[in-house]
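Heads up, the thing below is written out as structure tokens.
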Amino acid sequence: MRVCELMDRNVIVCDLNDSVKDVIRMMKANKFCPIVVVDQTGEVWGLISRLAVIRLCGKDLSQISAEDVMRPYKFEVDPQWPVERAIELMKRTRFEHLIIIDPHAGPKRPIGILSSFNVVWYMSHIEMGHYESILKMPEGWCPSMA
Amino acid sequence: MGEKVARLMRRGAITCRAEASIRDVAQIMAVNSAHYCVVINNQHEVLGIISSRSILKAFGRDLDQTMAKDILLPYTFTITPNDPIEVAIHLMNRRKIEHVVVTMGLTGNRTVFGMLHAEDIVDKMTQN
């Protein structure tokens, strides 16, 4: 399987100068996904995780910029990579999220995110979108029987 | 923040047995859309927690032969509903975990009471 078949295509980006307060708003609006930090040209600079945000609990979030809290991101993961290669990179670098870069769009444009949870899916060998069948109850089952 | 864990935690947890294979644990997490799985013993007491990262680290091992108890992060700390949120945040940052098991903490009882997730703390941070 290739990375592009497993990754999430919904990439949420913020600017280097956005405040952490704005970053949290973006997270809340997008199921608390990590936020990719880009510069004005759209090039990837870093990644902000939930753990990076909760470290700032109690501080003035409007005075702290995304650049101050992001983890710098210097890899270029191609969507055509085999998933195994990306997993090895995640293990080696301890990044739980890899930003997938468009190889045809010039300087480091993000087109997807591969998360450790995507890897869980991959390792579970459950086909995407077909997990409902696992949860299917036997015929004649009703909630009162539980 | 001044909140107690009880205000932000969610009751219940996704659990598995210590003898479950990594493949089973991955399936439990996948079908429940859970980024964690709490490993419990026969008395329903917490032994540890498996996160997406733990599963990732197990990549390359035999997923059907490796068991949950081989890769879990041992539960060597106790978070109770009465603890301040700051204690849980400190723990999450120190252990690099986004999910913390909450137990009742009474008389050494380590039965799972609920879970505290980093996303619930993030959610609370902008409400103040």
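Chain identifiers are assigned as A, B, and so on, following the order in which chains appear in the structure tokens; residues are numbered from 1 within each chain, and ligands are numbered from 1 in order of appearance.
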
Give me, as a tab-separated table, the closest atom pair and its distance (Å, one decimal) for every residue of range 10-121 of chain A within a cut-off of 10 Å of range 100-119 of chain B, counting only C-alpha atoms, rows sorted by chain and rising number.
residue	atom	partner	partner_atom	distance
A:Ile24	CA	B:Glu119	CA	10.0
A:Met27	CA	B:Glu119	CA	8.9
A:Lys28	CA	B:Glu119	CA	8.5
A:Lys31	CA	B:Glu119	CA	8.7
A:Phe32	CA	B:Glu119	CA	6.2
A:Cys33	CA	B:Glu119	CA	9.2
A:Ser49	CA	B:Ala118	CA	9.9
A:Arg50	CA	B:Ala118	CA	6.3
A:Leu51	CA	B:Ala118	CA	6.8
A:Val53	CA	B:Ala118	CA	9.0
A:Ile54	CA	B:Ala118	CA	7.1

**Request:** Please report, as a ChimeraX atom specification, each residue of chain A to which DSSP assigns helix (DSSP H, G or I) when run on this structure's backbone.
**Result:** /A:3-6,20-29,50-54,61-63,66-69,83-93,116-124,132-135,143-145

**Request:** Pick out the chain B residues within 9 Å of chain A. Count only C-alpha atoms. Give them as a ChimeraX atom specification.
**Result:** /B:1,22-31,33-35,51-53,55-57,59,63,86,89-90,92-93,96-98,118-119,121-123,125-126

**Prompt:** Quick one: of B:Ala18, B:Leu72, B:Val87, B:Met9, who's nearest to His44 in chain B, counting only C-alpha atoms?
**Reply:** B:Ala18

**Asked** Which neighbours of range 4-6 of chain A fall inside 8 Å, counting only C-alpha atoms, when residues of the same chain fewer than 6 positions from it are skipped, and could you give them as a PyMOL selection string?
**Response** chain A and resi 79-80+83+112+114+118+122

**Request:** From range 8-62 of chain B, collect each residue whose DSSP state is strand (DSSP E) and return the set as a list in words.
**Result:** Arg10, Arg11, Thr15, Cys16, Arg17, Tyr36, Cys37, Val38, Val39, Ile40, Val46, Leu47, Gly48, Ile49, Ile50 and Ser51 of chain B

Restricted to C-alpha atoms, what would the selected residues look like written as a short mmCIF file (atom, residue, chain, number, x, y, z; two decimals), in the first residue's frame?
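Ended up saving to out02.cif:
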data_model
loop_
_atom_site.label_atom_id
_atom_site.label_comp_id
_atom_site.auth_asym_id
_atom_site.auth_seq_id
_atom_site.Cartn_x
_atom_site.Cartn_y
_atom_site.Cartn_z
CA ARG B 10 -15.18 10.82 30.27
CA ARG B 11 -16.71 7.82 32.00
CA THR B 15 -10.21 -2.06 27.26
CA CYS B 16 -8.47 -5.31 26.37
CA ARG B 17 -6.88 -8.21 28.22
CA TYR B 36 -5.76 4.18 23.03
CA CYS B 37 -6.69 0.90 24.70
CA VAL B 38 -6.48 0.26 28.43
CA VAL B 39 -5.02 -3.13 29.35
CA ILE B 40 -6.74 -4.75 32.33
CA VAL B 46 -5.47 -1.33 35.11
CA LEU B 47 -2.14 -2.83 34.06
CA GLY B 48 -1.23 -0.18 31.52
CA ILE B 49 -2.24 1.64 28.39
CA ILE B 50 -1.55 1.07 24.70
CA SER B 51 -1.57 4.11 22.43
#

**Shell of 9 Å around Ala20 in chain B, only C-alpha atoms, local chain residues under 5 positions omitted, as a ChimeraX atom specification** = /B:25,64,66-69

**Request:** Please provide the set of residues having any atom within 10 Å of Pro110 in chain A, restricted to only C-alpha atoms, with same-chain residues fewer than 6 positions apart removed, written as a PyMOL selection string.
**Result:** chain A and resi 9-13+36-38+42-44+76-77+99-103
